[in-house]
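> My structure file input05.tsv, TSV, C-alpha atoms, is below:
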chain	number	residue	atom	x	y	z
A	270	MET	CA	-10.62	-7.41	-13.65
A	271	ARG	CA	-13.43	-5.10	-12.62
A	272	PHE	CA	-11.80	-1.84	-13.67
A	273	GLU	CA	-10.78	-1.00	-17.19
A	274	ASN	CA	-7.67	0.97	-16.35
A	275	ASP	CA	-5.81	2.76	-13.58
A	276	GLN	CA	-7.78	5.96	-14.00
A	277	ALA	CA	-11.03	4.08	-13.45
A	278	LEU	CA	-9.51	2.42	-10.40
A	279	ILE	CA	-8.32	5.71	-8.94
A	280	HIS	CA	-11.64	7.42	-9.57
A	281	ALA	CA	-13.43	4.56	-7.81
A	282	CYS	CA	-11.02	4.80	-4.87
A	283	LEU	CA	-11.68	8.52	-4.58
A	284	LYS	CA	-15.37	7.74	-4.33
A	285	GLY	CA	-14.61	5.50	-1.36
A	286	ASP	CA	-14.75	2.14	-3.12
A	287	GLN	CA	-12.66	-0.17	-0.96
A	288	PHE	CA	-12.81	-2.94	-3.56
A	289	ALA	CA	-11.13	-0.63	-6.04
A	290	TRP	CA	-8.33	-0.09	-3.54
A	291	THR	CA	-8.00	-3.86	-3.14
A	292	ASP	CA	-7.70	-4.21	-6.91
A	293	LEU	CA	-5.11	-1.46	-6.98
A	294	VAL	CA	-2.97	-3.07	-4.29
A	295	GLU	CA	-3.33	-6.53	-5.81
A	296	ARG	CA	-2.41	-5.23	-9.23
A	297	TYR	CA	0.78	-3.51	-8.16
A	298	ARG	CA	1.92	-5.53	-5.16
A	299	ARG	CA	4.53	-7.47	-7.13
A	300	LEU	CA	5.88	-4.40	-8.87
A	301	VAL	CA	6.43	-2.65	-5.53
A	302	TRP	CA	7.78	-5.71	-3.77
A	303	SER	CA	10.17	-6.59	-6.60
A	304	VAL	CA	11.86	-3.21	-6.18
A	305	ILE	CA	11.99	-3.56	-2.40
A	306	ARG	CA	13.51	-7.04	-2.68
A	307	GLN	CA	16.36	-5.69	-4.77
A	308	THR	CA	17.47	-3.45	-1.91
A	309	LYS	CA	18.00	-6.28	0.57
A	310	LEU	CA	16.50	-4.30	3.41
A	311	ARG	CA	15.87	-5.97	6.74
A	312	PRO	CA	12.51	-7.79	6.63
A	313	GLU	CA	10.85	-5.37	9.04
A	314	ASP	CA	12.15	-2.36	7.07
A	315	ALA	CA	11.01	-3.93	3.82
A	316	GLU	CA	7.50	-4.36	5.19
A	317	ASP	CA	7.53	-0.77	6.41
A	318	VAL	CA	8.51	0.48	2.98
A	319	PHE	CA	5.76	-1.57	1.36
A	320	GLN	CA	3.21	0.00	3.66
A	321	GLN	CA	4.67	3.48	3.20
A	322	VAL	CA	4.43	3.24	-0.58
A	323	PHE	CA	0.76	2.38	-0.48
A	324	LEU	CA	0.15	4.99	2.19
A	325	SER	CA	1.76	7.56	-0.11
A	326	LEU	CA	-0.42	6.29	-2.93
A	327	LEU	CA	-3.50	6.65	-0.78
A	328	ARG	CA	-2.58	10.22	0.08
A	329	SER	CA	-1.77	11.05	-3.54
A	330	LEU	CA	-4.83	9.62	-5.25
A	331	GLN	CA	-6.30	13.06	-5.80
A	332	ASP	CA	-3.19	14.20	-7.66
A	333	LEU	CA	-2.91	11.00	-9.66
A	334	ARG	CA	-6.45	10.73	-10.93
A	335	GLU	CA	-5.62	11.91	-14.44
A	336	THR	CA	-2.44	9.94	-14.82
A	337	ASP	CA	-1.90	6.91	-16.95
A	338	ARG	CA	1.59	6.48	-15.53
A	339	LEU	CA	0.78	4.97	-12.17
A	340	ALA	CA	3.30	2.14	-12.53
A	341	ALA	CA	6.12	4.62	-13.13
A	342	TRP	CA	4.96	6.72	-10.16
A	343	LEU	CA	4.99	3.64	-7.93
A	344	LEU	CA	8.46	2.67	-9.12
A	345	THR	CA	9.84	6.09	-8.27
A	346	THR	CA	8.07	6.27	-4.92
A	347	THR	CA	9.25	2.80	-3.96
A	348	ARG	CA	12.85	3.50	-4.91
A	349	ARG	CA	12.89	6.71	-2.94
A	350	ALA	CA	11.39	5.00	0.09
A	351	CYS	CA	14.01	2.25	-0.18
A	352	TRP	CA	16.77	4.82	-0.35
A	353	ARG	CA	15.55	6.49	2.80
A	354	ALA	CA	15.07	3.23	4.67
A	355	SER	CA	18.47	1.98	3.66
A	356	SER	CA	20.16	5.23	4.58
A	357	LYS	CA	18.48	5.17	7.96
A	358	SER	CA	19.44	1.60	8.82
A	359	SER	CA	22.96	1.44	7.41
A	360	GLY	CA	23.96	5.01	6.82
A	361	ALA	CA	24.67	4.23	3.19
A	362	PRO	CA	21.98	4.35	0.51
A	363	VAL	CA	21.47	1.30	-1.68
A	364	SER	CA	22.58	1.52	-5.26
A	365	LEU	CA	19.24	1.92	-6.94
A	366	GLU	CA	18.27	4.59	-9.36
A	367	PRO	CA	16.37	7.25	-7.45
A	368	THR	CA	13.94	8.03	-10.22
A	369	ALA	CA	12.12	6.19	-12.95
A	370	LEU	CA	13.09	8.84	-15.49
A	371	LEU	CA	16.54	9.87	-16.54
A	372	ALA	CA	17.58	13.48	-16.83
A	373	ASP	CA	16.70	13.59	-20.51
A	374	GLY	CA	13.18	12.42	-19.79
A	375	THR	CA	13.65	8.89	-21.09
A	376	GLN	CA	13.32	5.78	-18.99
A	377	SER	CA	16.30	3.78	-17.86
A	378	ALA	CA	16.68	0.20	-19.02
A	379	ALA	CA	15.94	-1.14	-15.54
A	380	THR	CA	12.79	0.94	-15.33
A	381	GLU	CA	11.72	-0.21	-18.76
A	382	VAL	CA	12.08	-3.85	-17.74
A	383	GLU	CA	10.03	-3.32	-14.57
A	384	LEU	CA	7.30	-1.50	-16.48
A	385	ASP	CA	7.26	-4.20	-19.17
A	386	LYS	CA	6.92	-6.85	-16.48
A	387	GLN	CA	3.95	-4.98	-15.06
A	388	LEU	CA	2.31	-4.83	-18.49
A	389	VAL	CA	2.79	-8.57	-18.93
A	390	ARG	CA	1.23	-9.13	-15.50
A	391	ASP	CA	-1.66	-6.92	-16.60
A	392	ALA	CA	-2.01	-8.97	-19.78
A	393	LEU	CA	-2.21	-12.19	-17.78
A	394	GLU	CA	-4.77	-10.55	-15.51
A	395	GLN	CA	-6.88	-9.70	-18.55
A	396	LEU	CA	-6.46	-13.22	-19.87
A	397	GLY	CA	-7.77	-14.63	-16.60
A	398	GLY	CA	-9.08	-18.10	-15.83
A	399	LYS	CA	-7.23	-21.36	-16.31
A	400	CYS	CA	-5.02	-19.87	-19.01
A	401	ARG	CA	-3.64	-17.29	-16.62
A	402	GLU	CA	-2.97	-19.95	-13.98
A	403	LEU	CA	-1.21	-22.17	-16.46
A	404	LEU	CA	0.96	-19.47	-18.01
A	405	GLU	CA	1.90	-18.10	-14.59
A	406	ALA	CA	2.84	-21.59	-13.43
A	407	LEU	CA	4.94	-22.12	-16.56
A	408	PHE	CA	6.63	-18.73	-16.76
A	409	SER	CA	6.67	-17.17	-13.26
A	410	ALA	CA	8.27	-20.03	-11.35
A	411	ALA	CA	11.75	-19.63	-9.92
A	412	GLY	CA	13.19	-22.68	-11.66
A	413	GLU	CA	12.35	-24.91	-14.57
A	414	PRO	CA	8.64	-25.71	-14.55
A	415	SER	CA	7.71	-29.27	-13.75
A	416	TYR	CA	4.80	-30.46	-15.88
A	417	PRO	CA	3.79	-33.22	-13.42
A	418	GLU	CA	3.70	-30.72	-10.54
A	419	ILE	CA	1.78	-28.16	-12.57
A	420	GLY	CA	-0.61	-30.84	-13.77
A	421	GLU	CA	-1.30	-31.94	-10.23
A	422	ARG	CA	-1.70	-28.36	-8.94
A	423	LEU	CA	-4.05	-27.28	-11.73
A	424	GLY	CA	-5.87	-30.58	-12.13
A	425	MET	CA	-4.63	-31.15	-15.68
A	426	ARG	CA	-3.28	-34.19	-17.42
A	427	VAL	CA	0.39	-33.77	-18.23
A	428	GLY	CA	-0.30	-34.58	-21.86
A	429	SER	CA	-2.78	-31.72	-22.16
A	430	ILE	CA	-0.47	-29.03	-20.79
A	431	GLY	CA	1.42	-28.48	-24.05
A	432	PRO	CA	-1.64	-28.03	-26.30
A	433	THR	CA	-3.40	-25.89	-23.67
A	434	ARG	CA	-0.31	-23.75	-23.32
A	435	GLN	CA	-0.35	-23.13	-27.07
A	436	ARG	CA	-4.04	-22.16	-27.06
A	437	CYS	CA	-3.47	-19.82	-24.12
A	438	LEU	CA	-0.55	-18.15	-25.87
A	439	GLU	CA	-2.78	-17.61	-28.91
A	440	LYS	CA	-5.27	-15.82	-26.66
A	441	LEU	CA	-2.56	-13.83	-24.91
A	442	THR	CA	-0.82	-12.58	-28.05
A	443	PRO	CA	-3.49	-10.04	-29.12
A	444	ILE	CA	-3.81	-8.85	-25.52
A	445	LEU	CA	-0.09	-8.12	-25.37
A	446	HIS	CA	-0.33	-6.44	-28.74
A	447	GLY	CA	-3.18	-4.29	-27.45
A	448	LEU	CA	-1.06	-3.20	-24.49
A	449	GLY	CA	1.54	-1.77	-26.80
A	450	PHE	CA	3.90	-4.66	-27.42
B	3	MET	CA	4.36	13.29	-14.35
B	4	ARG	CA	6.13	13.74	-17.66
B	5	ASP	CA	4.99	12.61	-21.07
B	6	ASP	CA	8.32	11.28	-22.21
B	7	PRO	CA	8.60	9.40	-25.48
B	8	THR	CA	8.09	5.69	-25.03
B	9	PRO	CA	10.89	3.69	-26.61
B	10	PRO	CA	9.83	1.26	-29.33
B	11	ARG	CA	9.11	-2.26	-28.14
B	12	GLN	CA	9.42	-5.60	-29.77
B	13	ARG	CA	6.23	-6.15	-31.73
B	14	ILE	CA	4.27	-9.15	-30.51
B	15	VAL	CA	2.84	-10.91	-33.54
B	16	THR	CA	3.23	-14.63	-33.00
B	17	THR	CA	2.91	-16.94	-30.03
B	18	GLU	CA	6.69	-17.36	-30.16
B	19	ASP	CA	7.00	-13.60	-29.61
B	20	ALA	CA	4.64	-13.88	-26.64
B	21	THR	CA	6.64	-16.80	-25.25
B	22	ALA	CA	9.85	-14.78	-25.45
B	23	LEU	CA	8.22	-11.84	-23.72
B	24	LEU	CA	6.75	-13.99	-20.95
B	25	SER	CA	10.24	-15.10	-20.05
B	26	ILE	CA	10.83	-11.73	-18.36
B	27	LEU	CA	8.47	-12.95	-15.64
B	28	ARG	CA	10.82	-15.77	-14.67
B	29	ALA	CA	10.87	-16.03	-10.85
B	30	ASP	CA	8.15	-13.39	-10.56
B	31	ALA	CA	6.32	-15.78	-8.23
B	32	LEU	CA	8.98	-14.90	-5.65
B	33	ASN	CA	7.87	-11.28	-5.73
B	34	GLU	CA	4.95	-11.84	-3.39
B	35	PRO	CA	5.06	-9.48	-0.41
B	36	PRO	CA	4.64	-11.00	3.06
B	37	VAL	CA	1.02	-11.59	3.95
B	38	SER	CA	1.18	-9.17	6.87
B	39	ALA	CA	2.51	-6.35	4.67
B	40	LEU	CA	-0.12	-7.00	2.04
B	41	GLU	CA	-2.89	-7.08	4.64
B	42	HIS	CA	-1.80	-3.75	6.04
B	43	ALA	CA	-1.77	-2.19	2.60
B	44	LEU	CA	-5.21	-3.61	1.85
B	45	ARG	CA	-6.62	-2.36	5.13
B	46	LEU	CA	-5.66	1.18	4.21
B	47	GLY	CA	-8.59	1.02	1.81
B	48	ARG	CA	-10.92	1.08	4.77
B	49	THR	CA	-9.88	4.63	5.41
B	50	LEU	CA	-11.12	5.80	2.02
B	51	ALA	CA	-14.61	6.39	3.32
B	52	GLN	CA	-13.41	7.48	6.69
B	53	THR	CA	-13.72	11.07	7.82
B	54	PRO	CA	-11.28	11.95	10.55
B	55	LEU	CA	-12.87	14.18	13.08
B	56	GLN	CA	-11.36	16.64	15.42
B	57	SER	CA	-13.43	16.83	18.52
B	58	GLY	CA	-13.50	19.84	20.67
B	59	SER	CA	-17.21	19.66	21.19
B	60	GLY	CA	-17.90	16.06	22.05
B	61	SER	CA	-21.52	15.32	21.21
B	62	GLN	CA	-21.61	17.51	18.11
B	63	ALA	CA	-18.50	15.77	16.90
B	64	LEU	CA	-20.13	12.39	17.29
B	65	THR	CA	-23.22	13.59	15.50
B	66	ASP	CA	-21.10	14.79	12.60
B	67	LEU	CA	-19.20	11.55	12.57
B	68	ALA	CA	-22.33	9.43	12.52
B	69	ALA	CA	-23.69	11.53	9.70
B	70	ALA	CA	-20.49	11.12	7.76
B	71	LEU	CA	-20.13	7.40	8.18
B	72	GLY	CA	-23.69	6.24	8.51
B	73	ALA	CA	-24.29	3.57	11.06
B	74	ILE	CA	-21.31	3.56	13.33
B	75	ILE	CA	-20.77	2.45	16.81
B	76	ALA	CA	-19.08	5.19	18.66
B	77	ARG	CA	-19.13	6.69	22.04
B	78	LEU	CA	-17.64	9.72	23.54
B	79	VAL	CA	-14.42	8.71	25.15
B	80	GLN	CA	-14.31	10.36	28.51
B	81	PRO	CA	-10.97	11.70	29.60
B	82	ASN	CA	-9.22	8.86	31.29
B	83	PRO	CA	-7.74	9.78	34.68
B	84	ASP	CA	-4.94	7.37	33.99
B	85	LEU	CA	-3.89	9.57	31.11
B	86	ALA	CA	-3.47	12.55	33.35
B	87	LEU	CA	0.25	12.33	33.52
B	88	ALA	CA	2.19	14.98	35.29
B	89	GLY	CA	2.78	17.92	33.07
B	90	LEU	CA	-0.03	17.13	30.70
B	91	ARG	CA	-3.24	17.53	32.63
B	92	ASP	CA	-1.85	20.71	34.09
B	93	ASP	CA	-2.04	22.19	30.66
B	94	SER	CA	-5.68	23.12	30.64
B	95	VAL	CA	-5.53	23.89	26.95
B	96	ALA	CA	-4.37	20.42	25.96
B	97	SER	CA	-6.11	19.37	22.78
B	98	GLU	CA	-8.49	16.46	23.00
B	99	LEU	CA	-9.04	14.53	19.82
B	100	LEU	CA	-11.53	11.83	19.12
B	101	PHE	CA	-11.57	9.61	16.08
B	102	ALA	CA	-13.70	6.65	15.21
B	103	THR	CA	-13.58	4.26	12.28
B	104	ASP	CA	-15.61	1.18	11.48
B	105	GLY	CA	-13.53	-0.82	13.92
B	106	LEU	CA	-11.61	1.47	16.23
B	107	GLN	CA	-12.23	4.39	18.51
B	108	ILE	CA	-9.20	6.45	19.29
B	109	SER	CA	-8.97	9.26	21.77
B	110	MET	CA	-5.87	11.36	22.09
B	111	GLU	CA	-4.66	14.21	24.17
B	112	ILE	CA	-1.90	16.43	22.94
B	113	ALA	CA	-0.09	18.80	25.20
B	114	PRO	CA	0.96	22.13	23.72
B	115	ALA	CA	4.30	21.91	22.02
B	116	ARG	CA	7.32	22.89	24.02
B	117	ASN	CA	10.77	23.19	22.55
B	118	GLY	CA	9.48	22.05	19.21
B	119	SER	CA	7.75	18.85	20.27
B	120	ALA	CA	4.59	17.73	21.99
B	121	ARG	CA	3.57	14.75	24.10
B	122	LEU	CA	0.68	12.75	22.75
B	123	ILE	CA	-1.22	10.22	24.84
B	124	GLY	CA	-3.89	8.05	23.35
B	125	GLU	CA	-6.28	5.25	24.03
B	126	VAL	CA	-7.43	2.70	21.47
B	127	LEU	CA	-10.76	0.96	21.86
B	128	ASN	CA	-12.56	-1.48	19.63
B	129	HIS	CA	-16.09	-0.90	18.36
B	130	THR	CA	-17.59	-2.38	21.51
B	131	GLY	CA	-15.54	-0.11	23.77
B	132	GLY	CA	-13.05	-2.76	24.83
B	133	VAL	CA	-9.42	-1.78	25.11
B	134	VAL	CA	-7.15	-2.87	22.26
B	135	ALA	CA	-3.80	-4.06	23.57
B	136	ASP	CA	-0.79	-4.42	21.26
B	137	ALA	CA	-2.29	-2.16	18.62
B	138	ARG	CA	0.53	-0.94	16.38
B	139	ILE	CA	0.90	2.81	15.99
B	140	ARG	CA	3.15	4.07	13.24
B	141	VAL	CA	3.72	7.71	12.51
B	142	PHE	CA	4.72	8.90	9.07
B	143	SER	CA	5.50	12.29	7.75
B	144	ASP	CA	4.21	12.79	4.23
B	145	PHE	CA	6.24	10.85	1.68
B	146	SER	CA	8.80	9.89	4.25
B	147	GLN	CA	9.74	6.89	6.25
B	148	THR	CA	8.37	5.77	9.55
B	149	ALA	CA	9.30	8.43	12.05
B	150	HIS	CA	7.95	6.88	15.20
B	151	ALA	CA	6.34	3.63	16.20
B	152	THR	CA	4.88	2.19	19.34
B	153	THR	CA	2.21	-0.18	20.57
B	154	THR	CA	-0.57	0.09	23.06
B	155	ASP	CA	-0.13	-1.51	26.44
B	156	GLU	CA	-2.58	-3.83	28.16
B	157	THR	CA	-4.83	-0.90	28.99
B	158	GLY	CA	-5.01	0.16	25.34
B	159	THR	CA	-2.98	3.32	25.88
B	160	PHE	CA	0.08	4.62	24.12
B	161	SER	CA	2.25	7.69	24.28
B	162	LEU	CA	4.50	9.42	21.80
B	163	THR	CA	6.52	12.57	21.64
B	164	LEU	CA	6.29	14.17	18.22
B	165	PRO	CA	8.02	17.21	16.79
B	166	THR	CA	5.83	19.96	15.41
B	167	GLY	CA	4.63	19.34	11.89
B	168	HIS	CA	2.15	17.37	9.86
B	169	TRP	CA	1.92	13.66	10.55
B	170	GLN	CA	-0.02	10.62	9.48
B	171	LEU	CA	-0.83	8.08	12.16
B	172	VAL	CA	-1.60	4.54	11.09
B	173	ILE	CA	-3.15	2.52	13.90
B	174	CYS	CA	-3.64	-1.20	13.40
B	175	GLY	CA	-5.61	-3.07	16.02
B	176	GLY	CA	-6.75	-6.60	15.30
B	177	GLU	CA	-8.51	-6.52	11.94
B	178	ALA	CA	-9.19	-2.79	12.06
B	179	ILE	CA	-7.06	0.06	10.89
B	180	ALA	CA	-7.31	3.82	11.20
B	181	LEU	CA	-5.45	6.47	9.27
B	182	LEU	CA	-5.37	9.78	11.06
B	183	PRO	CA	-3.90	13.06	9.92
B	184	LEU	CA	-2.45	15.04	12.78
B	185	THR	CA	-0.87	18.46	13.05
B	186	ILE	CA	1.34	19.38	15.98
B	187	GLU	CA	1.65	23.12	16.31
What would the structure in this file look like if it were written as structure tokens?

Amino acid sequence: MRFENDQALIHACLKGDQFAWTDLVERYRRLVWSVIRQTKLRPEDAEDVFQQVFLSLLRSLQDLRETDRLAAWLLTTTRRACWRASSKSSGAPVSLEPTALLADGTQSAATEVELDKQLVRDALEQLGGKCRELLEALFSAAGEPSYPEIGERLGMRVGSIGPTRQRCLEKLTPILHGLGF
Amino acid sequence: MRDDPTPPRQRIVTTEDATALLSILRADALNEPPVSALEHALRLGRTLAQTPLQSGSGSQALTDLAAALGAIIARLVQPNPDLALAGLRDDSVASELLFATDGLQISMEIAPARNGSARLIGEVLNHTGGVVADARIRVFSDFSQTAHATTTDETGTFSLTLPTGHWQLVICGGEAIALLPLTIE
């Protein structure tokens, strides 16, 4: 990861660094798409919303440069865009919370989960290398992970996956702790 | 953005704690956006160093543009007779706009707004001056959904009718993308 945090990324973007923008999109693509997927929009509408969210981000960089709450901002922006797209196509808005914050200023449980997921993704990004690949393969798959398949994909012996997994978790634990967990 | 109190989280001390936390990522691999959507979002970054230019004074505009972007291949797009549709060319005060990015040159003519909307006709060229057919033009209002969309025809031209207001045009042609702010008055 080339940039220490979101503020550094945003500052670099504002200076015209296209690689910073790429990092920004890559970092948050799954967060944005996970919200869009929940709305069950038509594929073309879903793609439109994805592009709109990042267009809004691009146009808002100046206002966001001092924030450390970019993930929450993206969640809110995505949900609002989904509401509008859904209302336009079906006439009835989808049942998603419109904002990341509740009226009393706290975060809803659903928002908390999404933000926690993003922090765990960030932790894996910081971990990097083979450990990141292995832990993503083990924990991000849709079904039960298959050690033979993972071994073949990552070029590892099946017998070494367990011990490597443990070593990777030992490296990941302080990173997660450092991110506030 | 508000500084609301962050609720306490489970403290991660052991690898078992980390394992439990990682389980929230189950099926996260399915959260990959389509490649085309991701590419469009990534291409928006090309506009970060891009200075949209409103051209009312052709050569000076190009000089300014070249100064702003450094080496850039651009040429003054001469008014295209084919764009002189009835009702537009008659308006001698029609605005002529010229934009250029690292991959696209876009010229547009906007007729004065009538009854709250204006006709916009544009031409999209690549950096060598060749017409870009099937370029996708999407028009957004700020923080809103796609308001209008169209594509260029085989001659690289497109037309839109837009209500008065502030708009963002995103033009994707081949591997190039342009983001243009536009105000219809």
> Select residues of chain A: the criterion is any atom within 6 Å of an atom of chain B, counting all atoms listed in the file; output as a PyMOL selection string.
chain A and resi 285+287+290-291+299+302-303+316+320+325+374-375+408-411+438-439+442+446+450
> Go ahead and write the selection's residues with C-alpha atoms as an mmCIF file, keeping the file's coordinate frame.

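Below is the file selection.cif, written as the result:
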data_model
loop_
_atom_site.group_PDB
_atom_site.id
_atom_site.type_symbol
_atom_site.label_atom_id
_atom_site.label_comp_id
_atom_site.auth_asym_id
_atom_site.auth_seq_id
_atom_site.Cartn_x
_atom_site.Cartn_y
_atom_site.Cartn_z
ATOM 1 C CA GLY A 285 -14.610 5.500 -1.360
ATOM 2 C CA GLN A 287 -12.660 -0.170 -0.960
ATOM 3 C CA TRP A 290 -8.330 -0.090 -3.540
ATOM 4 C CA THR A 291 -8.000 -3.860 -3.140
ATOM 5 C CA ARG A 299 4.530 -7.470 -7.130
ATOM 6 C CA TRP A 302 7.780 -5.710 -3.770
ATOM 7 C CA SER A 303 10.170 -6.590 -6.600
ATOM 8 C CA GLU A 316 7.500 -4.360 5.190
ATOM 9 C CA GLN A 320 3.210 0.000 3.660
ATOM 10 C CA SER A 325 1.760 7.560 -0.110
ATOM 11 C CA GLY A 374 13.180 12.420 -19.790
ATOM 12 C CA THR A 375 13.650 8.890 -21.090
ATOM 13 C CA PHE A 408 6.630 -18.730 -16.760
ATOM 14 C CA SER A 409 6.670 -17.170 -13.260
ATOM 15 C CA ALA A 410 8.270 -20.030 -11.350
ATOM 16 C CA ALA A 411 11.750 -19.630 -9.920
ATOM 17 C CA LEU A 438 -0.550 -18.150 -25.870
ATOM 18 C CA GLU A 439 -2.780 -17.610 -28.910
ATOM 19 C CA THR A 442 -0.820 -12.580 -28.050
ATOM 20 C CA HIS A 446 -0.330 -6.440 -28.740
ATOM 21 C CA PHE A 450 3.900 -4.660 -27.420
#
> Could you give me, as a list of chain:residue names, the residues within 8 Å of Phe323 in chain A, counting all atoms listed in the file and dropping anything in the same chain fewer than 4 positions from it?
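The residues that qualify are A:Val294, A:Phe319, A:Leu327, B:Ala43.
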> CA of Glu177 in chain B and CA of Glu156 in chain B are how many Å apart?
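Going from CA of Glu177 in chain B over to CA of Glu156 in chain B covers 17.5 Å.
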> Just want the 10 Å neighbourhood of Glu402 in chain A, counted on all atoms listed in the file, with same-chain residues fewer than 6 positions away dropped. Output as number ranges by chain.
A: 393-394, 396, 419, 422-423
> In Å to one decimal, how far is CA of Leu343 in chain A from CA of Leu164 in chain B?
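Separation between CA of Leu164 in chain B and CA of Leu343 in chain A: 28.2 Å.
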> Taking (0.5, 14.2, 21.1) in the file's coordinates as the center, which residues reach within 9 Å of it, counting only C-alpha atoms, put as a list of chain:residue names?
B:Ser97, B:Met110, B:Glu111, B:Ile112, B:Ala113, B:Pro114, B:Ala115, B:Ser119, B:Ala120, B:Arg121, B:Leu122, B:Ile123, B:Gly124, B:Ser161, B:Leu162, B:Thr163, B:Leu164, B:Leu184, B:Ile186
